[in-house]
file target12.txt (compact mmCIF, C-alpha atoms and all ligand atoms)
# COMPACT_ATOMS: atom_id res chain seq x y z
CA MET A 1 0.00 0.00 0.00
CA ALA A 2 1.45 3.32 -1.05
CA VAL A 3 1.27 6.67 0.69
CA ILE A 4 -1.02 8.75 -1.51
CA ILE A 5 0.69 12.09 -2.07
CA ASP A 6 -1.91 14.78 -1.48
CA GLY A 7 -1.11 17.55 -3.96
CA LYS A 8 -4.31 19.38 -3.11
CA GLU A 9 -3.32 19.69 0.55
CA ILE A 10 0.30 20.69 -0.17
CA ALA A 11 -0.83 23.23 -2.79
CA ALA A 12 -3.22 24.76 -0.22
CA LYS A 13 -0.31 25.01 2.25
CA VAL A 14 1.89 26.69 -0.37
CA ARG A 15 -0.90 29.18 -1.15
CA GLU A 16 -1.33 29.90 2.56
CA GLU A 17 2.41 30.57 2.96
CA LEU A 18 2.35 32.82 -0.11
CA LYS A 19 -0.65 34.74 1.21
CA GLU A 20 1.34 35.62 4.33
CA LYS A 21 4.17 36.88 2.12
CA VAL A 22 1.77 38.93 -0.02
CA ASP A 23 0.06 40.43 3.05
CA ALA A 24 3.48 41.46 4.39
CA MET A 25 4.39 42.96 0.99
CA VAL A 26 1.17 44.96 0.83
CA ASN A 27 1.78 46.22 4.38
CA SER A 28 5.42 47.17 4.02
CA GLU A 29 5.71 48.09 0.32
CA LYS A 30 2.13 49.18 -0.44
CA ARG A 31 2.35 46.98 -3.52
CA ARG A 32 0.44 43.87 -4.55
CA PRO A 33 1.84 41.32 -7.04
CA CYS A 34 -0.04 41.32 -10.34
CA LEU A 35 -0.38 38.56 -12.93
CA ALA A 36 -1.65 39.25 -16.45
CA VAL A 37 -3.12 36.23 -18.23
CA ILE A 38 -3.75 36.16 -21.98
CA LEU A 39 -6.25 33.63 -23.29
CA VAL A 40 -6.66 33.31 -27.05
CA GLY A 41 -9.73 31.56 -28.45
CA GLU A 42 -12.29 29.22 -26.97
CA ASP A 43 -10.40 26.06 -25.96
CA PRO A 44 -12.55 24.66 -23.11
CA ALA A 45 -9.63 23.06 -21.23
CA SER A 46 -7.67 26.33 -21.38
CA LYS A 47 -10.69 28.20 -19.99
CA ILE A 48 -10.77 25.82 -17.00
CA TYR A 49 -7.01 26.18 -16.42
CA VAL A 50 -7.30 29.98 -16.56
CA ARG A 51 -10.23 29.95 -14.13
CA ASN A 52 -8.16 27.84 -11.69
CA LYS A 53 -5.30 30.33 -11.96
CA GLN A 54 -7.67 33.25 -11.31
CA ARG A 55 -9.07 31.49 -8.23
CA ALA A 56 -5.59 30.81 -6.88
CA CYS A 57 -4.62 34.47 -7.42
CA ALA A 58 -7.68 35.60 -5.48
CA GLU A 59 -6.85 33.25 -2.61
CA VAL A 60 -3.21 34.34 -2.37
CA GLY A 61 -4.03 38.05 -2.80
CA ILE A 62 -2.39 38.45 -6.20
CA ALA A 63 -4.10 40.98 -8.46
CA GLN A 64 -4.90 39.52 -11.85
CA GLU A 65 -5.93 40.83 -15.23
CA LEU A 66 -7.41 38.57 -17.90
CA TYR A 67 -7.11 39.46 -21.60
CA THR A 68 -9.45 37.31 -23.67
CA LEU A 69 -8.60 37.54 -27.36
CA ALA A 70 -10.62 36.32 -30.32
CA GLU A 71 -9.64 33.02 -31.98
CA ASN A 72 -8.66 34.92 -35.16
CA VAL A 73 -6.51 37.59 -33.48
CA SER A 74 -3.44 38.53 -35.52
CA GLN A 75 0.14 37.84 -34.43
CA GLU A 76 0.75 41.61 -34.42
CA SER A 77 -2.22 42.36 -32.14
CA LEU A 78 -1.19 39.61 -29.72
CA GLU A 79 2.37 40.92 -29.62
CA TYR A 80 1.12 44.50 -29.18
CA ILE A 81 -0.80 43.46 -26.05
CA ILE A 82 2.19 41.57 -24.64
CA ASP A 83 4.43 44.60 -25.35
CA SER A 84 2.05 46.93 -23.53
CA LEU A 85 1.99 44.57 -20.49
CA ALA A 86 5.78 44.27 -20.65
CA GLN A 87 6.11 48.03 -20.27
CA ARG A 88 3.81 48.34 -17.26
CA SER A 89 5.68 48.55 -13.96
CA ASP A 90 2.60 47.35 -12.02
CA VAL A 91 2.45 44.02 -13.92
CA ASP A 92 4.84 41.44 -12.44
CA GLY A 93 4.01 38.35 -14.45
CA ILE A 94 2.70 37.72 -17.98
CA LEU A 95 1.26 34.34 -18.91
CA LEU A 96 0.17 33.35 -22.40
CA GLN A 97 -2.12 30.36 -21.99
CA MET A 98 -1.13 27.50 -24.30
CA PRO A 99 -2.05 26.18 -26.76
CA ILE A 100 -2.73 29.20 -28.96
CA PRO A 101 -4.48 28.85 -32.36
CA GLN A 102 -2.51 27.29 -35.23
CA HIS A 103 -2.09 30.51 -37.25
CA LEU A 104 -0.11 32.10 -34.39
CA ASP A 105 3.57 31.51 -33.69
CA PRO A 106 3.97 30.81 -29.94
CA LYS A 107 7.75 31.26 -29.84
CA ARG A 108 7.54 34.66 -31.54
CA ALA A 109 4.78 35.75 -29.15
CA LEU A 110 6.59 34.49 -26.04
CA ALA A 111 9.75 36.34 -27.08
CA HIS A 112 7.87 39.59 -26.30
CA ILE A 113 7.60 38.66 -22.61
CA PRO A 114 10.56 40.07 -20.64
CA ALA A 115 12.46 37.26 -18.86
CA GLU A 116 11.76 38.85 -15.46
CA LYS A 117 7.99 38.58 -16.13
CA ASP A 118 8.15 35.05 -17.57
CA VAL A 119 6.43 33.36 -14.62
CA ASP A 120 5.86 30.18 -16.67
CA ALA A 121 9.66 29.93 -17.24
CA PHE A 122 9.06 29.20 -20.92
CA LEU A 123 11.76 31.54 -22.29
CA PRO A 124 15.21 30.26 -23.32
CA GLU A 125 16.82 32.60 -20.79
CA ASN A 126 14.95 31.05 -17.87
CA ILE A 127 15.32 27.51 -19.24
CA GLY A 128 19.07 28.12 -19.60
CA HIS A 129 19.38 29.08 -15.94
CA ILE A 130 18.01 25.66 -15.01
CA MET A 131 20.93 23.99 -16.81
CA ARG A 132 23.37 25.86 -14.59
CA GLY A 133 21.41 25.33 -11.39
CA ASP A 134 21.18 29.09 -10.71
CA TYR A 135 17.44 29.03 -10.66
CA GLY A 136 15.46 32.13 -11.58
CA PHE A 137 11.94 31.05 -12.33
CA LEU A 138 11.32 27.32 -12.51
CA PRO A 139 8.76 25.79 -14.86
CA CYS A 140 5.68 25.27 -12.71
CA THR A 141 4.98 21.55 -13.19
CA PRO A 142 8.47 20.16 -12.51
CA ALA A 143 8.87 22.69 -9.68
CA GLY A 144 5.62 21.34 -8.23
CA VAL A 145 6.97 17.78 -8.42
CA ILE A 146 10.17 18.75 -6.58
CA GLU A 147 8.11 20.55 -3.93
CA LEU A 148 6.00 17.41 -3.39
CA LEU A 149 9.13 15.24 -3.09
CA HIS A 150 10.63 17.64 -0.52
CA ARG A 151 7.46 17.91 1.54
CA TYR A 152 7.09 14.12 1.68
CA GLY A 153 10.77 13.63 2.58
CA ILE A 154 11.60 11.83 -0.68
CA ASP A 155 15.22 12.71 -1.43
CA PRO A 156 16.47 12.03 -4.99
CA ASP A 157 20.12 12.07 -3.78
CA GLY A 158 21.83 8.95 -5.12
CA LYS A 159 18.55 7.47 -6.37
CA GLU A 160 17.68 6.14 -9.80
CA CYS A 161 15.29 8.71 -11.25
CA VAL A 162 13.51 7.90 -14.50
CA VAL A 163 11.51 10.54 -16.38
CA VAL A 164 9.18 9.28 -19.11
CA GLY A 165 8.61 12.17 -21.55
CA ARG A 166 10.95 14.83 -22.90
CA SER A 167 8.81 17.93 -23.44
CA ASP A 168 10.46 21.33 -23.13
CA ILE A 169 8.20 22.39 -20.27
CA VAL A 170 8.07 19.18 -18.20
CA GLY A 171 10.31 16.24 -19.13
CA LYS A 172 13.56 18.06 -19.89
CA PRO A 173 13.51 20.56 -16.97
CA MET A 174 12.26 17.79 -14.65
CA ALA A 175 15.30 15.66 -15.50
CA MET A 176 17.64 18.60 -14.98
CA MET A 177 16.11 19.46 -11.61
CA LEU A 178 16.38 15.85 -10.42
CA LEU A 179 20.02 15.93 -11.53
CA HIS A 180 20.61 19.04 -9.39
CA GLU A 181 19.07 17.09 -6.50
CA ASN A 182 21.85 14.51 -7.07
CA GLY A 183 19.67 11.86 -8.67
CA THR A 184 20.99 9.50 -11.35
CA VAL A 185 18.66 10.47 -14.15
CA THR A 186 17.38 8.66 -17.23
CA ILE A 187 15.03 10.30 -19.74
CA CYS A 188 12.82 7.94 -21.76
CA HIS A 189 10.77 8.90 -24.81
CA ARG A 190 8.88 7.41 -27.73
CA HIS A 191 12.08 6.05 -29.33
CA THR A 192 13.27 4.37 -26.13
CA ARG A 193 13.64 0.62 -26.57
CA ASN A 194 12.45 -1.70 -23.79
CA LEU A 195 10.85 1.10 -21.78
CA GLY A 196 9.99 -1.28 -18.92
CA GLU A 197 13.66 -2.16 -18.40
CA HIS A 198 14.35 1.50 -17.63
CA THR A 199 11.26 2.23 -15.56
CA ARG A 200 11.78 -0.93 -13.44
CA ARG A 201 15.12 0.50 -12.26
CA ALA A 202 13.49 3.69 -10.96
CA ASP A 203 13.42 4.58 -7.28
CA ILE A 204 11.64 7.74 -8.39
CA LEU A 205 9.55 7.40 -11.54
CA VAL A 206 8.06 10.52 -13.15
CA ALA A 207 5.50 9.82 -15.87
CA ALA A 208 5.06 12.81 -18.18
CA ALA A 209 4.36 11.30 -21.58
CA GLY A 210 0.71 12.31 -22.01
CA CYS A 211 -0.45 8.76 -22.64
CA ALA A 212 -3.34 7.40 -20.56
CA LYS A 213 -2.42 4.63 -18.07
CA MET A 214 0.73 3.64 -19.98
CA ILE A 215 2.72 2.85 -16.82
CA THR A 216 1.46 -0.50 -15.57
CA ALA A 217 2.44 -2.48 -12.47
CA ASP A 218 4.92 -4.70 -14.35
CA MET A 219 6.90 -1.53 -15.26
CA VAL A 220 7.38 -0.39 -11.65
CA LYS A 221 9.88 -1.51 -9.02
CA GLU A 222 8.51 -2.59 -5.64
CA GLY A 223 8.70 0.42 -3.29
CA ALA A 224 9.21 3.08 -5.99
CA ALA A 225 7.90 6.64 -5.60
CA VAL A 226 5.65 7.18 -8.61
CA ILE A 227 4.83 10.73 -9.73
CA ASP A 228 2.14 11.07 -12.38
CA VAL A 229 2.18 14.28 -14.40
CA GLY A 230 -0.30 12.99 -17.00
CA MET A 231 -3.70 14.57 -17.51
CA ASN A 232 -5.68 12.42 -19.93
CA ARG A 233 -9.18 11.05 -20.48
CA ASP A 234 -9.76 7.30 -20.36
CA GLY A 235 -12.13 5.35 -22.65
CA GLU A 236 -15.12 6.48 -20.57
CA GLY A 237 -14.08 10.14 -20.64
CA ARG A 238 -12.85 10.16 -17.04
CA LEU A 239 -9.76 12.13 -16.07
CA CYS A 240 -6.73 9.85 -15.62
CA GLY A 241 -2.95 10.05 -15.54
CA ASP A 242 -0.14 8.30 -17.38
CA VAL A 243 -0.02 5.72 -14.58
CA ASP A 244 -2.47 2.86 -14.20
CA PHE A 245 -3.16 3.86 -10.59
CA ALA A 246 -5.18 0.78 -9.56
CA SER A 247 -2.45 -1.70 -10.48
CA VAL A 248 0.60 0.42 -9.57
CA GLU A 249 -0.53 1.75 -6.18
CA PRO A 250 -0.11 -1.56 -4.25
CA LYS A 251 3.48 -1.84 -5.49
CA ALA A 252 4.62 1.76 -4.90
CA SER A 253 5.82 3.38 -1.67
CA TYR A 254 4.42 6.78 -2.69
CA ILE A 255 2.12 7.70 -5.55
CA THR A 256 0.34 10.83 -6.79
CA PRO A 257 -3.31 10.53 -7.81
CA VAL A 258 -4.90 12.17 -10.87
CA PRO A 259 -6.67 14.45 -10.20
CA GLY A 260 -5.36 15.87 -6.92
CA GLY A 261 -1.65 15.14 -7.31
CA VAL A 262 0.68 17.23 -9.45
CA GLY A 263 -2.08 19.36 -11.08
CA PRO A 264 -2.83 21.66 -8.10
CA MET A 265 0.92 22.07 -7.52
CA THR A 266 1.43 23.54 -11.00
CA VAL A 267 -0.91 26.43 -10.17
CA ALA A 268 0.63 26.87 -6.71
CA MET A 269 4.11 27.16 -8.27
CA LEU A 270 2.79 29.77 -10.72
CA MET A 271 1.67 31.79 -7.70
CA LYS A 272 5.13 31.31 -6.14
CA ASN A 273 6.82 32.58 -9.32
CA THR A 274 4.51 35.60 -9.48
CA VAL A 275 5.26 36.58 -5.88
CA ALA A 276 8.99 36.07 -6.56
CA ALA A 277 8.67 38.29 -9.66
CA ALA A 278 7.07 41.05 -7.58
CA GLU A 279 9.82 40.75 -4.95
CA LYS A 280 12.46 41.11 -7.65
CA HIS A 281 10.68 44.14 -9.16
CA ILE A 282 10.53 45.84 -5.76
CA LEU A 283 14.26 45.20 -5.23
CA LYS A 284 15.09 46.52 -8.70
CA GLU A 285 12.99 49.66 -8.19
CA LYS A 286 14.71 50.29 -4.84
CA LYS A 287 18.14 49.91 -6.46
CA CYS A 288 17.20 52.33 -9.26
CA TYR A 289 15.91 54.79 -6.67
CA GLU A 290 19.13 54.54 -4.62
CA GLN A 291 21.30 54.98 -7.71
CA ARG A 292 19.40 58.11 -8.69
CA GLY A 293 20.07 59.39 -5.13
N1 LIG B 1 -1.35 25.19 -20.93
C1 LIG B 1 -1.35 24.06 -20.17
N2 LIG B 1 -0.53 24.20 -19.11
C2 LIG B 1 0.00 25.44 -19.19
C3 LIG B 1 0.91 26.17 -18.39
O1 LIG B 1 1.43 25.70 -17.37
N3 LIG B 1 1.20 27.44 -18.81
C4 LIG B 1 0.67 27.97 -19.95
N4 LIG B 1 1.02 29.21 -20.28
N5 LIG B 1 -0.17 27.32 -20.72
C5 LIG B 1 -0.51 26.06 -20.34
call {"tool": "encode", "arguments": {"input": "target12.txt", "output": "structure tokens", "more": "lines below"}}
Ligand code: GUN
result
Amino acid sequence: MAVIIDGKEIAAKVREELKEKVDAMVNSEKRRPCLAVILVGEDPASKIYVRNKQRACAEVGIAQELYTLAENVSQESLEYIIDSLAQRSDVDGILLQMPIPQHLDPKRALAHIPAEKDVDAFLPENIGHIMRGDYGFLPCTPAGVIELLHRYGIDPDGKECVVVGRSDIVGKPMAMMLLHENGTVTICHRHTRNLGEHTRRADILVAAAGCAKMITADMVKEGAAVIDVGMNRDGEGRLCGDVDFASVEPKASYITPVPGGVGPMTVAMLMKNTVAAAEKHILKEKKCYEQRG
């Protein structure tokens, strides 16, 4: 029987801790962190994600602005809005909800977000910092996984860590962060031969492939900590992860459920990045002020 890692509870704790920080900031600096969210089009899943982010902002005390753009918005108009948010000193974080419609170029649009407002940590500058271990912003999902490991006392140091999935925003940074935690890290992907041979070595197994219930009990070592980043629908339309929870849970020492595992942590880490962005802006403004005399 595994310990079920309660991402909902830990995310609530993180939000509570951040609220205290924000209250102190409002008291001492007379300034509230502010997150601007841009939603393009009508994707129903994106609308739900954005609503969750708005709710979390309200709970933590972060001001938020939502820009809802039409499905057929032009690249130029999207970039114009990002540019105007980039220039505003009262906006600490800018988030472009993904995916955006096919006719738009996400990399070109993201390049208009200044690195210090890139609270998703999607920009090459922030991704590059992860390689060197001098963390600025961390991508929210892998940061949420690390937070869960820490809070449950699961230390990757010296352990076999296997990440299934190599996306830019989860798999790759996840592997790098586990490496900085002194894990011995393997990244598996769709070209990996004998996937089970790799996953069965894992003391910590992170499933982030986006493939419903692909990790089955025979692929997991007895006593492994299993972290499920997947968010899929099964044959009956029910939300499920990349891990076949029912068969894997009896074999694991720790396991995250879907929903209620990694998902809530992603939003909590976005809040953490936004508060950190505001703290950095305050520091920068103070330095500018001092330099001007
Ligand atoms: N779409 C799904 N997850 C995310 C996320 O974490 N950030 C952004 N910007 N878009 C997403």
call {"tool": "residues_around", "arguments": {"input": "target12.txt", "residues": "Ile4 of chain A", "least_positions_apart": "5", "cutoff": "12 Å", "atoms": "all atoms listed in the file", "output": "list in words"}}
result
Glu9, Leu148, Tyr152, Ala225, Val226, Ile227, Asp228, Phe245, Val248, Glu249, Pro250, Ala252, Ser253, Tyr254, Ile255, Thr256, Pro257, Val258, Pro259, Gly260, Gly261 and Val262 of chain A
call {"tool": "residues_near_ligand", "arguments": {"input": "target12.txt", "ligand": "ligand LIG 1 (chain B)", "cutoff": "7 Å", "atoms": "only C-alpha atoms and all ligand atoms", "output": "count of residues only"}}
result
10
call {"tool": "atom_distance", "arguments": {"input": "target12.txt", "atom1": "atom CA of Ala217 of chain A", "atom2": "atom CA of Lys159 of chain A"}}
result
19.9 Å
call {"tool": "residues_around", "arguments": {"input": "target12.txt", "residues": "Leu78 of chain A", "least_positions_apart": "5", "cutoff": "9 Å", "atoms": "only C-alpha atoms", "output": "PDB file with C-alpha atoms, keeping the file's coordinate frame"}}
result
ATOM      1  CA  ILE A  38      -3.750  36.160 -21.980  1.00  0.00           C
ATOM      2  CA  VAL A  40      -6.660  33.310 -27.050  1.00  0.00           C
ATOM      3  CA  LEU A  69      -8.600  37.540 -27.360  1.00  0.00           C
ATOM      4  CA  VAL A  73      -6.510  37.590 -33.480  1.00  0.00           C
ATOM      5  CA  ASP A  83       4.430  44.600 -25.350  1.00  0.00           C
ATOM      6  CA  LEU A 104      -0.110  32.100 -34.390  1.00  0.00           C
ATOM      7  CA  ALA A 109       4.780  35.750 -29.150  1.00  0.00           C
TER       8      ALA A 109
END
call {"tool": "residues_around", "arguments": {"input": "target12.txt", "residues": "Leu179 of chain A", "least_positions_apart": "4", "cutoff": "9 Å", "atoms": "only C-alpha atoms", "output": "list in words"}}
result
Pro156, Asp157, Cys161, Met174, Ala175, Gly183, Thr184 and Val185 of chain A
call {"tool": "residues_around", "arguments": {"input": "target12.txt", "residues": "segment 280-290 of chain A", "least_positions_apart": "3", "cutoff": "9 Å", "atoms": "all atoms listed in the file", "output": "ChimeraX atom specification"}}
result
/A:29,31,89,92,116,275-277,293
call {"tool": "closest_residue", "arguments": {"input": "target12.txt", "among": "A:Ala212, A:Gly263, A:Leu18, A:Glu181", "to": "Arg238 of chain A", "atoms": "all atoms listed in the file"}}
result
A:Ala212
call {"tool": "closest_residue", "arguments": {"input": "target12.txt", "among": "A:Ala58, A:Ala278, A:Met231, A:Met219", "to": "Lys251 of chain A", "atoms": "only C-alpha atoms"}}
result
A:Met219
call {"tool": "closest_atom_pairs", "arguments": {"input": "target12.txt", "of": "segment 8-124 of chain A", "to": "segment 129-134 of chain A", "cutoff": "12 Å", "atoms": "all atoms listed in the file", "output": "tab-separated table"}}
result
residue	atom	partner	partner_atom	distance
A:Ala115	CA	A:His129	CA	11.1
A:Ala121	CA	A:Ile130	CA	9.6
A:Phe122	CA	A:Ile130	CA	11.3
A:Leu123	CA	A:His129	CA	10.2
A:Pro124	CA	A:His129	CA	8.6
call {"tool": "closest_residue", "arguments": {"input": "target12.txt", "among": "A:Lys107, A:Arg151, A:Lys172, A:Arg193", "to": "Gly7 of chain A", "atoms": "only C-alpha atoms"}}
result
A:Arg151
call {"tool": "closest_residue", "arguments": {"input": "target12.txt", "among": "A:Cys188, A:Gly171, A:Glu160, A:Asp90", "to": "Lys30 of chain A", "atoms": "all atoms listed in the file"}}
result
A:Asp90
call {"tool": "atom_distance", "arguments": {"input": "target12.txt", "atom1": "atom CA of Ala268 of chain A", "atom2": "atom CA of Arg51 of chain A"}}
result
13.5 Å
call {"tool": "closest_residue", "arguments": {"input": "target12.txt", "among": "A:Leu138, A:Ile113, A:Met1, A:Cys57", "to": "Glu222 of chain A", "atoms": "all atoms listed in the file"}}
result
A:Met1
